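Reproduced below: data-v6.cif, with mmCIF, C-alpha atoms.
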data_upload
loop_
_atom_site.label_atom_id
_atom_site.label_comp_id
_atom_site.auth_asym_id
_atom_site.auth_seq_id
_atom_site.Cartn_x
_atom_site.Cartn_y
_atom_site.Cartn_z
CA MET A 1 164.37 128.10 47.91
CA THR A 2 163.67 124.60 46.60
CA GLU A 3 165.19 121.87 48.81
CA VAL A 4 168.36 120.42 47.28
CA SER A 5 169.44 116.85 47.93
CA ALA A 6 172.93 116.17 49.25
CA ARG A 7 174.00 114.66 45.93
CA ARG A 8 172.74 117.59 43.86
CA ARG A 9 174.32 120.02 46.32
CA ARG A 10 177.65 118.25 45.99
CA ASP A 11 177.44 118.23 42.17
CA VAL A 12 176.67 121.96 42.08
CA ILE A 13 179.37 123.01 44.57
CA ASP A 14 182.07 120.77 43.06
CA ALA A 15 181.44 122.18 39.57
CA LEU A 16 181.48 125.79 40.77
CA ARG A 17 184.68 125.13 42.71
CA ARG A 18 186.28 124.03 39.41
CA GLY A 19 184.85 127.01 37.55
CA THR A 20 182.52 124.96 35.35
CA VAL A 21 178.76 124.84 34.76
CA PRO A 22 177.08 122.17 36.92
CA GLN A 23 175.39 119.28 35.14
CA HIS A 24 172.57 119.03 37.68
CA GLY A 25 170.64 121.20 40.13
CA LEU A 26 170.52 124.22 37.84
CA ASP A 27 166.89 125.01 38.64
CA VAL A 28 167.90 126.46 42.01
CA MET A 29 170.44 128.75 40.30
CA ALA A 30 168.28 129.86 37.36
CA VAL A 31 168.45 133.61 37.93
CA GLY A 32 166.67 135.48 35.12
CA LEU A 33 165.43 132.41 33.23
CA THR A 34 161.86 132.30 34.55
CA ARG A 35 160.78 134.53 31.63
CA PHE A 36 161.51 131.65 29.25
CA GLU A 37 159.86 128.84 31.22
CA SER A 38 156.34 129.09 29.80
CA ALA A 39 157.44 129.33 26.16
CA ILE A 40 159.98 126.51 26.48
CA ASP A 41 157.47 124.21 28.21
CA GLY A 42 154.89 124.95 25.51
CA GLU A 43 157.35 124.10 22.75
CA LEU A 44 158.41 120.89 24.50
CA ASP A 45 154.75 119.88 24.81
CA ALA A 46 154.31 120.41 21.07
CA VAL A 47 157.38 118.27 20.37
CA ALA A 48 156.04 115.54 22.65
CA SER A 49 152.83 115.58 20.60
CA GLY A 50 154.72 114.66 17.43
CA SER A 51 156.09 117.91 16.02
CA ALA A 52 159.68 119.17 16.09
CA GLY A 53 161.16 122.39 17.42
CA PHE A 54 164.19 124.65 17.18
CA LYS A 55 165.59 127.42 19.35
CA ALA A 56 168.67 129.62 18.86
CA VAL A 57 170.10 131.14 22.05
CA ARG A 58 172.08 134.35 21.69
CA GLY A 59 174.39 135.91 24.25
CA GLU A 60 177.81 137.41 24.80
CA TYR A 61 180.60 135.45 26.44
CA GLY A 62 179.72 135.02 30.12
CA SER A 63 176.02 135.71 29.65
CA GLY A 64 175.08 132.15 30.62
CA LYS A 65 174.41 130.38 27.29
CA THR A 66 175.83 127.04 28.44
CA PHE A 67 174.06 127.46 31.78
CA MET A 68 170.73 128.04 30.06
CA ALA A 69 171.29 125.08 27.72
CA ARG A 70 171.92 122.75 30.66
CA TRP A 71 169.01 124.24 32.57
CA LEU A 72 166.78 123.49 29.58
CA VAL A 73 168.18 119.94 29.30
CA GLU A 74 167.60 119.27 32.99
CA ARG A 75 164.06 120.67 32.75
CA ALA A 76 163.32 118.52 29.68
CA LYS A 77 164.57 115.34 31.34
CA ARG A 78 162.26 115.96 34.30
CA LEU A 79 159.42 116.17 31.76
CA GLY A 80 160.30 112.76 30.30
CA PHE A 81 162.67 113.66 27.46
CA ALA A 82 166.04 112.19 26.62
CA ALA A 83 168.75 114.78 25.98
CA SER A 84 172.23 115.24 24.61
CA GLU A 85 174.62 118.18 24.79
CA VAL A 86 177.27 118.48 22.06
CA GLN A 87 180.05 121.07 21.97
CA ILE A 88 180.87 122.12 18.42
CA SER A 89 184.60 122.38 17.72
CA GLU A 90 186.76 122.46 14.61
CA THR A 91 188.71 119.32 15.50
CA GLU A 92 186.50 117.19 17.77
CA THR A 93 183.01 117.86 16.44
CA PRO A 94 182.96 119.80 13.15
CA LEU A 95 179.41 120.78 12.30
CA HIS A 96 179.81 120.03 8.60
CA ARG A 97 180.34 116.34 9.41
CA LEU A 98 176.90 115.34 10.62
CA GLU A 99 178.01 111.74 11.11
CA THR A 100 180.37 113.01 13.82
CA VAL A 101 177.63 115.18 15.33
CA TYR A 102 175.33 112.12 15.44
CA ARG A 103 178.07 110.09 17.13
CA ARG A 104 178.51 112.78 19.79
CA ILE A 105 174.73 112.88 20.31
CA VAL A 106 174.76 109.15 21.06
CA GLU A 107 177.86 109.36 23.25
CA ASN A 108 176.31 112.14 25.36
CA LEU A 109 172.75 110.76 25.39
CA SER A 110 171.24 110.85 28.87
CA THR A 111 167.87 110.44 30.54
CA ALA A 112 166.49 111.21 33.98
CA GLU A 113 167.43 107.64 34.99
CA ALA A 114 170.68 107.06 33.09
CA PRO A 115 173.81 109.21 32.67
CA PRO A 116 175.73 109.39 29.37
CA SER A 117 175.83 107.28 27.41
CA ALA A 118 172.33 105.96 27.90
CA PHE A 119 172.17 104.51 24.37
CA ARG A 120 172.41 100.88 25.44
CA ASP A 121 169.78 101.37 28.15
CA VAL A 122 167.45 102.99 25.62
CA VAL A 123 167.89 100.25 23.00
CA ASP A 124 167.57 97.39 25.50
CA GLY A 125 164.54 99.09 27.04
CA TRP A 126 162.98 99.37 23.60
CA PHE A 127 163.31 95.64 22.98
CA HIS A 128 161.73 95.01 26.37
CA VAL A 129 158.82 97.27 25.38
CA LEU A 130 158.47 95.40 22.08
CA GLU A 131 158.20 92.09 23.90
CA GLY A 132 155.61 93.53 26.28
CA ASP A 133 153.59 94.91 23.37
CA ALA A 134 153.81 91.52 21.64
CA VAL A 135 152.32 89.82 24.71
CA ASP A 136 149.61 92.47 24.93
CA ALA A 137 148.80 91.80 21.26
CA GLY A 138 148.16 88.12 21.97
CA ALA A 139 151.50 86.30 22.01
CA ASP A 140 151.70 83.51 24.59
CA ARG A 141 153.82 84.81 27.47
CA THR A 142 154.97 81.25 28.29
CA ASP A 143 156.18 80.60 24.72
CA ASP A 144 159.43 82.56 24.43
CA ALA A 145 159.88 81.72 20.73
CA ALA A 146 156.40 83.05 19.93
CA VAL A 147 157.06 86.24 21.88
CA GLN A 148 160.34 86.80 20.03
CA ARG A 149 158.69 86.23 16.62
CA ALA A 150 155.91 88.68 17.45
CA ALA A 151 158.44 91.23 18.77
CA ALA A 152 160.48 90.87 15.55
CA ALA A 153 157.34 91.55 13.49
CA LEU A 154 156.63 94.65 15.62
CA LEU A 155 160.21 95.82 15.10
CA ASP A 156 159.76 95.62 11.32
CA ARG A 157 156.50 97.58 11.39
CA ARG A 158 157.75 100.31 13.70
CA LEU A 159 160.94 100.81 11.72
CA GLU A 160 159.18 100.77 8.36
CA THR A 161 159.51 104.54 7.88
CA VAL A 162 163.14 104.54 8.99
CA SER A 163 163.94 101.58 6.72
CA ARG A 164 163.00 103.63 3.67
CA SER A 165 165.68 106.24 4.41
CA ALA A 166 168.17 104.25 6.53
CA PRO A 167 167.63 100.51 6.00
CA ALA A 168 170.99 99.75 7.60
CA PHE A 169 169.78 101.12 10.97
CA ALA A 170 166.90 98.63 11.12
CA THR A 171 169.13 95.81 9.86
CA ALA A 172 171.75 96.49 12.54
CA LEU A 173 169.08 96.63 15.24
CA ARG A 174 167.84 93.19 14.20
CA GLY A 175 171.42 91.92 14.24
CA TYR A 176 172.01 93.38 17.71
CA ARG A 177 168.86 91.77 19.04
CA ARG A 178 169.77 88.40 17.55
CA ALA A 179 173.33 88.54 18.93
CA THR A 180 171.99 89.50 22.38
CA LEU A 181 169.54 86.60 22.44
CA LEU A 182 172.29 84.18 21.39
CA GLY A 183 174.73 85.53 24.00
CA GLU A 184 177.22 86.71 21.36
CA THR A 185 178.55 89.60 23.42
CA ASP A 186 181.31 90.82 21.09
CA GLN A 187 178.95 90.80 18.12
CA ALA A 188 176.30 92.70 20.05
CA GLU A 189 178.83 95.27 21.33
CA GLY A 190 180.16 95.86 17.82
CA LEU A 191 176.72 96.38 16.31
CA LEU A 192 175.67 98.72 19.10
CA ALA A 193 178.81 100.77 18.46
CA TRP A 194 178.02 100.84 14.74
CA LEU A 195 174.45 101.98 15.46
CA GLY A 196 175.97 104.78 17.55
CA GLY A 197 177.99 105.98 14.56
CA GLN A 198 181.34 104.71 15.80
CA PRO A 199 183.86 104.19 12.97
CA HIS A 200 186.19 101.23 12.51
CA VAL A 201 183.81 98.51 13.67
CA ALA A 202 185.24 95.12 12.64
CA ALA A 203 184.22 94.10 9.12
CA GLY A 204 183.25 90.63 10.36
CA VAL A 205 180.76 92.12 12.82
CA ARG A 206 179.16 94.24 10.13
CA ARG A 207 179.16 91.43 7.56
CA SER A 208 177.42 88.98 9.88
CA ALA A 209 174.58 91.49 10.41
CA GLY A 210 174.31 92.36 6.73
CA VAL A 211 175.53 95.97 6.94
CA ARG A 212 178.48 97.59 5.21
CA GLY A 213 180.78 100.58 5.59
CA ASP A 214 180.69 103.39 8.13
CA LEU A 215 178.07 106.06 8.70
CA ASP A 216 178.38 109.07 6.36
CA HIS A 217 177.05 112.64 6.38
CA PHE A 218 173.75 111.82 4.66
CA GLY A 219 173.20 108.55 6.51
CA ALA A 220 173.32 110.49 9.79
CA PHE A 221 169.86 111.92 9.08
CA GLY A 222 168.40 108.43 8.79
CA PHE A 223 170.16 107.22 11.94
CA LEU A 224 168.87 110.24 13.88
CA GLN A 225 165.39 109.41 12.62
CA GLY A 226 165.86 105.84 13.84
CA LEU A 227 167.03 107.00 17.26
CA LEU A 228 163.92 109.20 17.61
CA THR A 229 161.71 106.23 16.70
CA VAL A 230 163.34 104.05 19.36
CA LEU A 231 162.97 106.81 21.97
CA ARG A 232 159.32 107.42 21.13
CA ASP A 233 158.46 103.72 21.34
CA SER A 234 160.31 103.53 24.66
CA ASP A 235 157.87 106.05 26.16
CA TYR A 236 160.25 109.02 26.08
CA ARG A 237 158.50 112.22 25.07
CA GLY A 238 161.26 113.18 22.66
CA LEU A 239 164.92 114.16 22.35
CA VAL A 240 166.49 117.54 23.17
CA VAL A 241 169.78 118.13 21.35
CA VAL A 242 171.96 121.12 22.28
CA LEU A 243 174.70 122.22 19.87
CA ASP A 244 176.76 124.49 22.11
CA GLU A 245 179.37 127.08 21.07
CA VAL A 246 178.34 127.19 17.41
CA GLU A 247 180.18 130.53 17.20
CA THR A 248 183.42 128.54 16.82
CA LEU A 249 182.49 128.32 13.12
CA GLN A 250 183.77 131.89 12.77
CA ARG A 251 187.31 130.66 13.36
CA VAL A 252 187.46 127.87 10.77
CA ARG A 253 188.51 128.02 7.12
CA GLY A 254 186.05 129.70 4.78
CA ASP A 255 185.15 126.52 2.89
CA VAL A 256 184.58 124.60 6.14
CA ARG A 257 182.43 127.44 7.47
CA GLU A 258 180.27 127.37 4.34
CA LYS A 259 179.79 123.60 4.62
CA SER A 260 178.95 123.88 8.32
CA LEU A 261 176.35 126.59 7.83
CA ASN A 262 174.83 124.60 4.98
CA ALA A 263 174.68 121.49 7.20
CA LEU A 264 172.79 123.51 9.82
CA ARG A 265 170.41 124.79 7.13
CA GLN A 266 169.83 121.20 5.95
CA LEU A 267 169.06 120.13 9.50
CA LEU A 268 166.53 122.94 9.95
CA ASP A 269 164.94 122.11 6.58
CA GLU A 270 164.48 118.51 7.70
CA ILE A 271 162.97 119.65 11.00
CA ASP A 272 160.51 121.89 9.14
CA SER A 273 159.63 119.08 6.71
CA GLY A 274 158.48 116.87 9.59
CA ARG A 275 161.22 114.26 9.20
CA PHE A 276 162.22 114.38 12.88
CA PRO A 277 159.08 114.22 15.04
CA GLY A 278 160.10 114.41 18.69
CA LEU A 279 163.31 116.43 18.14
CA TYR A 280 163.94 119.76 19.89
CA LEU A 281 167.17 121.31 18.62
CA VAL A 282 168.92 124.13 20.49
CA ILE A 283 171.99 126.03 19.30
CA THR A 284 173.95 128.67 21.22
CA GLY A 285 176.10 131.44 19.82
CA THR A 286 177.32 134.99 20.29
CA PRO A 287 175.71 138.05 18.64
CA ALA A 288 178.75 138.25 16.37
CA PHE A 289 177.94 134.78 15.05
CA TYR A 290 174.31 135.60 14.30
CA ASP A 291 174.92 139.11 12.91
CA GLY A 292 178.49 139.14 11.60
CA GLN A 293 179.77 138.44 8.10
CA GLN A 294 182.00 135.63 9.41
CA GLY A 295 178.97 133.85 10.84
CA MET A 296 175.40 133.14 9.85
CA GLN A 297 175.10 136.11 7.50
CA ARG A 298 177.28 134.24 5.03
CA LEU A 299 174.30 132.02 4.29
CA PRO A 300 171.33 134.40 3.77
CA PRO A 301 168.59 131.72 3.75
CA LEU A 302 169.71 130.58 7.20
CA ALA A 303 170.15 134.12 8.53
CA GLN A 304 166.71 135.14 7.28
CA ARG A 305 165.08 132.16 8.95
CA LEU A 306 166.53 133.06 12.36
CA ALA A 307 166.30 136.83 12.03
CA VAL A 308 164.70 138.58 15.03
CA ASP A 309 164.45 142.31 15.72
CA PHE A 310 166.40 143.00 18.92
CA THR A 311 166.25 146.80 18.69
CA THR A 312 163.42 146.98 21.22
CA ASP A 313 163.83 146.95 24.99
CA ALA A 314 164.94 143.49 26.16
CA ARG A 315 162.00 143.45 28.56
CA PHE A 316 159.69 142.95 25.57
CA ASP A 317 161.65 140.19 23.83
CA ASN A 318 159.44 137.40 22.52
CA PRO A 319 160.48 134.10 24.18
CA ARG A 320 158.57 132.19 21.47
CA ALA A 321 160.77 133.60 18.69
CA PRO A 322 163.20 131.23 16.91
CA GLN A 323 166.11 133.26 18.34
CA ILE A 324 166.17 134.51 21.92
CA ARG A 325 168.77 136.63 23.65
CA LEU A 326 170.20 136.44 27.13
CA PRO A 327 170.66 139.96 28.48
CA GLY A 328 173.57 138.90 30.69
CA PHE A 329 174.14 139.60 34.34
CA SER A 330 173.72 142.86 36.19
CA LEU A 331 175.26 143.44 39.59
CA ALA A 332 171.87 142.80 41.18
CA SER A 333 171.42 139.43 39.46
CA LEU A 334 175.05 138.50 40.22
CA GLU A 335 174.43 139.21 43.89
CA GLU A 336 171.21 137.19 43.82
CA LEU A 337 173.05 134.25 42.26
CA GLY A 338 175.82 134.49 44.85
CA GLY A 339 173.24 134.47 47.63
CA ARG A 340 171.61 131.34 46.23
CA VAL A 341 174.96 129.54 45.99
CA ARG A 342 175.79 130.60 49.57
CA ASP A 343 172.45 129.15 50.74
CA ILE A 344 173.03 125.87 48.88
CA TYR A 345 176.51 125.59 50.40
CA ALA A 346 175.35 126.47 53.92
CA ALA A 347 172.68 123.74 53.85
CA GLY A 348 175.46 121.13 53.76
CA ALA A 349 177.98 122.94 55.96
CA ALA A 350 179.04 121.86 59.45
CA ASP A 351 177.61 125.09 60.91
CA PRO A 352 175.07 126.65 58.51
CA GLU A 353 174.39 129.63 60.79
CA HIS A 354 178.09 130.49 60.94
CA VAL A 355 178.32 130.44 57.12
CA HIS A 356 175.32 132.78 56.82
CA THR A 357 176.72 135.12 59.46
CA VAL A 358 180.24 135.41 58.03
CA VAL A 359 179.26 135.32 54.35
CA SER A 360 176.38 137.73 54.70
CA ASP A 361 174.39 139.27 51.85
CA ASP A 362 176.50 142.41 52.25
CA TYR A 363 179.73 140.44 51.85
CA VAL A 364 178.38 138.59 48.79
CA ALA A 365 177.50 141.97 47.24
CA ASP A 366 180.95 143.37 48.05
CA LEU A 367 182.68 140.35 46.49
CA ALA A 368 180.51 140.61 43.35
CA ARG A 369 181.46 144.27 42.96
CA ALA A 370 185.15 143.50 43.58
CA VAL A 371 185.31 140.71 40.97
CA SER A 372 183.46 142.73 38.33
CA GLY A 373 185.68 145.73 39.13
CA LYS A 374 188.79 143.62 38.56
CA LEU A 375 187.29 142.73 35.18
CA GLY A 376 186.83 146.31 34.07
CA ASP A 377 183.24 146.45 35.36
CA LYS A 378 182.22 143.92 32.73
CA VAL A 379 179.62 142.22 34.90
CA GLY A 380 178.61 139.88 32.07
CA VAL A 381 182.05 138.26 32.12
CA ALA A 382 182.14 137.88 35.92
CA PRO A 383 179.74 135.03 36.92
CA ARG A 384 182.07 132.04 36.43
CA LEU A 385 185.00 133.64 38.22
CA PHE A 386 182.83 135.19 40.94
CA LEU A 387 181.23 131.84 41.83
CA LYS A 388 184.60 130.07 41.75
CA LYS A 389 186.08 132.63 44.15
CA LEU A 390 183.00 132.56 46.37
CA VAL A 391 183.06 128.78 46.75
CA ALA A 392 186.77 127.87 46.67
CA ASP A 393 188.31 130.94 48.30
CA VAL A 394 185.62 132.02 50.75
CA LEU A 395 182.94 129.44 51.59
CA ASP A 396 185.33 126.47 51.80
CA ARG A 397 187.55 128.37 54.22
CA VAL A 398 184.66 129.64 56.33
CA ASP A 399 183.35 126.09 56.60
CA GLN A 400 186.73 124.55 57.54
CA PHE A 401 188.31 127.28 59.68
CA PRO A 402 186.02 128.81 62.36
CA ASP A 403 188.28 131.84 62.86
CA PHE A 404 188.53 132.70 59.13
CA ASP A 405 187.06 136.14 58.35
CA PRO A 406 187.09 136.92 54.59
CA ARG A 407 187.03 140.68 55.22
CA ARG A 408 190.19 140.39 57.29
CA ASP A 409 191.98 137.30 55.98
CA TYR A 410 191.21 137.29 52.24
CA ALA A 411 192.35 139.64 49.49
CA LEU A 412 190.91 139.06 46.03
CA THR A 413 193.52 138.23 43.39
CA LEU A 414 193.12 137.13 39.78
CA GLY A 415 195.89 134.97 38.32
CA ALA A 416 196.29 134.82 34.55
CA ALA A 417 196.25 131.01 34.63
CA GLU A 418 192.73 130.88 36.07
CA LEU A 419 191.20 133.28 33.55
CA THR A 420 189.57 132.52 30.22
CA GLU A 421 190.55 134.59 27.19
CA SER A 422 187.56 136.93 27.54
CA GLU A 423 188.23 137.30 31.29
CA ARG A 424 191.90 138.15 30.61
CA GLU A 425 190.85 140.87 28.17
CA ALA A 426 188.44 142.30 30.74
CA ALA A 427 191.07 142.10 33.50
CA HIS A 428 193.54 143.96 31.28
CA LEU A 429 190.99 146.73 30.83
CA GLY A 430 190.44 146.78 34.59
CA ASP A 431 194.20 147.17 35.20
CA LEU A 432 194.38 150.05 32.73
CA ARG A 433 191.52 151.83 34.44
CA ALA A 434 193.04 151.31 37.87
CA SER A 435 196.42 152.74 36.86
CA ALA A 436 195.13 155.65 34.76
CA ALA A 437 194.92 159.10 36.27
CA SER A 438 192.48 160.17 33.54
CA VAL A 439 190.86 158.74 30.44
CA ASP A 440 193.68 160.25 28.39
CA ASP A 441 196.10 157.84 30.06
CA ILE A 442 194.33 154.76 28.66
CA GLU A 443 196.07 153.51 25.56
CA LEU A 444 193.68 152.05 23.00
CA GLU A 445 194.62 149.32 20.52
CA PHE A 446 193.26 149.45 16.97
#

Can you present the structure in this file as structure tokens?
Amino acid sequence: MTEVSARRRRDVIDALRRGTVPQHGLDVMAVGLTRFESAIDGELDAVASGSAGFKAVRGEYGSGKTFMARWLVERAKRLGFAASEVQISETETPLHRLETVYRRIVENLSTAEAPPSAFRDVVDGWFHVLEGDAVDAGADRTDDAAVQRAAAALLDRRLETVSRSAPAFATALRGYRRATLLGETDQAEGLLAWLGGQPHVAAGVRRSAGVRGDLDHFGAFGFLQGLLTVLRDSDYRGLVVVLDEVETLQRVRGDVREKSLNALRQLLDEIDSGRFPGLYLVITGTPAFYDGQQGMQRLPPLAQRLAVDFTTDARFDNPRAPQIRLPGFSLASLEELGGRVRDIYAAGAADPEHVHTVVSDDYVADLARAVSGKLGDKVGVAPRLFLKKLVADVLDRVDQFPDFDPRRDYALTLGAAELTESEREAAHLGDLRASAASVDDIELEF
């Protein structure tokens, strides 16, 4: 297995202990994702060459959609992309308000060098690149005023396309640069916030830079275009944006759902038109969202664009298709994942050999079967809870207490408070099966 640094190991183990998807180190846990690597890398290369891309990820709850999205983000950042992961929700980030989506993209923007939000680092780095390009073009390095004039001229030329659709973006960038050079910190902070789509920036800050109002739904397209221009000129290969949990649209009011689906269609239209060179957009959702009448099927043009025939064997799925499906976990893949996590943990343990001996492959397999059994044999729902139990209840104790034997001293329990809604439903089914003498004893709800 690939060597994992102490920091990445800690990030992975801490996240699994909390029952969440790690932000880093996902390559060593990517069970079943190798089939997508070649297609994803090819699409990212095309985006880096000036095109744009889109991918819809489909999977049931627990199949690893968020895991795959973060794996893709981490892979892209290693290839020189910037990235941003946005969770769609009715209250915090409604999809039909693209100005809010843009703001979340900026807030969660990260690079291989900078954690969220890397927006300031990207913008400041861009100005540094402009000054370097101005010197390379002939400006006298010793004459700061000449360098700044040449850099300003470069800024105007490189934002010419953006200025036609979002002139305020270029204007605010000039104002930010001027305020930075003059040491006007509050002014610079306010304009940077406004460029990031933040509402309620002081009117005086906006007025001094020559911009007005707050960002709206249609202006968000222009600002996204401006962000891509800045990233490209800062030597990033592009921007990967993940819109996670898009299936939440099924639970909103009908009129909001229609607006949200239409906003997604508009975004895809703009990607196809070539407006966003360097953008790779990823959405995740459940099969019910893609196929159901409360989801994408309510907007036929969007549904038709993403339609893929999934009636064939999953082994022959096309990873280059606009929509790809995650088959979910089997017991074998769950055991493989548990073994990888055990190995990562053991590498940082006080006595790695002891961890491997006590938490053997056989024990990992037994725990995987026990957790999935408690969840009504729904293996696809089990990974989060299985890894949480493995790390927090077993590996931590084995590492801290030399005489702890999980086969003797640990009995698996599932408390309602630690389960998600889908896990509670599965656990309820597991309880019914355990208490039923025959299938006739299982009461079904309609």

Next item on the list: Determine the residue set returned by the PyMOL selection byres ((chain A and resi 83) around 10) for the present structure, and present it as an MDAnalysis selection string.
Entry: chainID A and resid 70 72:74 76:77 80:82 84:85 105:106 108:112 116 118 238:242 279:281

Produce a file of the selected residues containing C-alpha atoms, as a PDB file, in the coordinates of the input.
ATOM      1  CA  ARG A  70     171.920 122.750  30.660  1.00  0.00           C
ATOM      2  CA  LEU A  72     166.780 123.490  29.580  1.00  0.00           C
ATOM      3  CA  VAL A  73     168.180 119.940  29.300  1.00  0.00           C
ATOM      4  CA  GLU A  74     167.600 119.270  32.990  1.00  0.00           C
ATOM      5  CA  ALA A  76     163.320 118.520  29.680  1.00  0.00           C
ATOM      6  CA  LYS A  77     164.570 115.340  31.340  1.00  0.00           C
ATOM      7  CA  GLY A  80     160.300 112.760  30.300  1.00  0.00           C
ATOM      8  CA  PHE A  81     162.670 113.660  27.460  1.00  0.00           C
ATOM      9  CA  ALA A  82     166.040 112.190  26.620  1.00  0.00           C
ATOM     10  CA  SER A  84     172.230 115.240  24.610  1.00  0.00           C
ATOM     11  CA  GLU A  85     174.620 118.180  24.790  1.00  0.00           C
ATOM     12  CA  ILE A 105     174.730 112.880  20.310  1.00  0.00           C
ATOM     13  CA  VAL A 106     174.760 109.150  21.060  1.00  0.00           C
ATOM     14  CA  ASN A 108     176.310 112.140  25.360  1.00  0.00           C
ATOM     15  CA  LEU A 109     172.750 110.760  25.390  1.00  0.00           C
ATOM     16  CA  SER A 110     171.240 110.850  28.870  1.00  0.00           C
ATOM     17  CA  THR A 111     167.870 110.440  30.540  1.00  0.00           C
ATOM     18  CA  ALA A 112     166.490 111.210  33.980  1.00  0.00           C
ATOM     19  CA  PRO A 116     175.730 109.390  29.370  1.00  0.00           C
ATOM     20  CA  ALA A 118     172.330 105.960  27.900  1.00  0.00           C
ATOM     21  CA  GLY A 238     161.260 113.180  22.660  1.00  0.00           C
ATOM     22  CA  LEU A 239     164.920 114.160  22.350  1.00  0.00           C
ATOM     23  CA  VAL A 240     166.490 117.540  23.170  1.00  0.00           C
ATOM     24  CA  VAL A 241     169.780 118.130  21.350  1.00  0.00           C
ATOM     25  CA  VAL A 242     171.960 121.120  22.280  1.00  0.00           C
ATOM     26  CA  LEU A 279     163.310 116.430  18.140  1.00  0.00           C
ATOM     27  CA  TYR A 280     163.940 119.760  19.890  1.00  0.00           C
ATOM     28  CA  LEU A 281     167.170 121.310  18.620  1.00  0.00           C
TER      29      LEU A 281
END

Check: Which residues fall under the PyMOL selection byres ((chain A and resi 327-336) around 10) in this file, as a VMD selection string?
Finding: chain A and resid 29 31 to 32 58 to 65 314 to 315 324 to 326 337 to 342 361 to 369 372 377 to 383 386 to 387

Next item on the list: State, in Å with one decimal place, the distance from atom CA of A:Asp14 to atom CA of A:Tyr410.
Entry: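 These atoms are spaced 21.0 Å apart.
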
How close does each residue of stretch 72-164 of chain A get to stretch 186-196 of chain A, giving the shortest atom pair and distance in Å to one decimal for every residue with an atom at most 12 Å away, counting all atoms listed in the file, sorted by chain and residue number, as CSV?
residue,atom,partner,partner_atom,distance
A:Glu99,CA,A:Gly196,CA,9.7
A:Thr100,CA,A:Gly196,CA,10.1
A:Val101,CA,A:Gly196,CA,10.8
A:Tyr102,CA,A:Gly196,CA,7.7
A:Arg103,CA,A:Gly196,CA,5.7
A:Arg104,CA,A:Gly196,CA,8.7
A:Ile105,CA,A:Gly196,CA,8.6
A:Val106,CA,A:Gly196,CA,5.7
A:Glu107,CA,A:Gly196,CA,7.6
A:Asn108,CA,A:Gly196,CA,10.7
A:Leu109,CA,A:Gly196,CA,10.4
A:Ser117,CA,A:Gly196,CA,10.2
A:Ala118,CA,A:Gly196,CA,11.0
A:Phe119,CA,A:Gly196,CA,7.8
A:Arg120,CA,A:Leu192,CA,7.4
A:Asp121,CA,A:Leu192,CA,11.1
A:Val122,CA,A:Leu192,CA,11.3
A:Val123,CA,A:Leu192,CA,8.8
A:Asp124,CA,A:Leu192,CA,10.4

Next item on the list: I need the residue set behind the PyMOL selection byres ((chain A and resi 16) around 10) for this file; please write it as a VMD selection string.
Entry: chain A and resid 10 to 15 17 to 22 341 384 to 392

Next item on the list: Quick one: pull the distance between atom CA of A:Val358 and atom CA of A:Lys374, Å, one decimal.
Entry: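 Taking atom CA of A:Val358 and atom CA of A:Lys374, their separation equals 22.8 Å.
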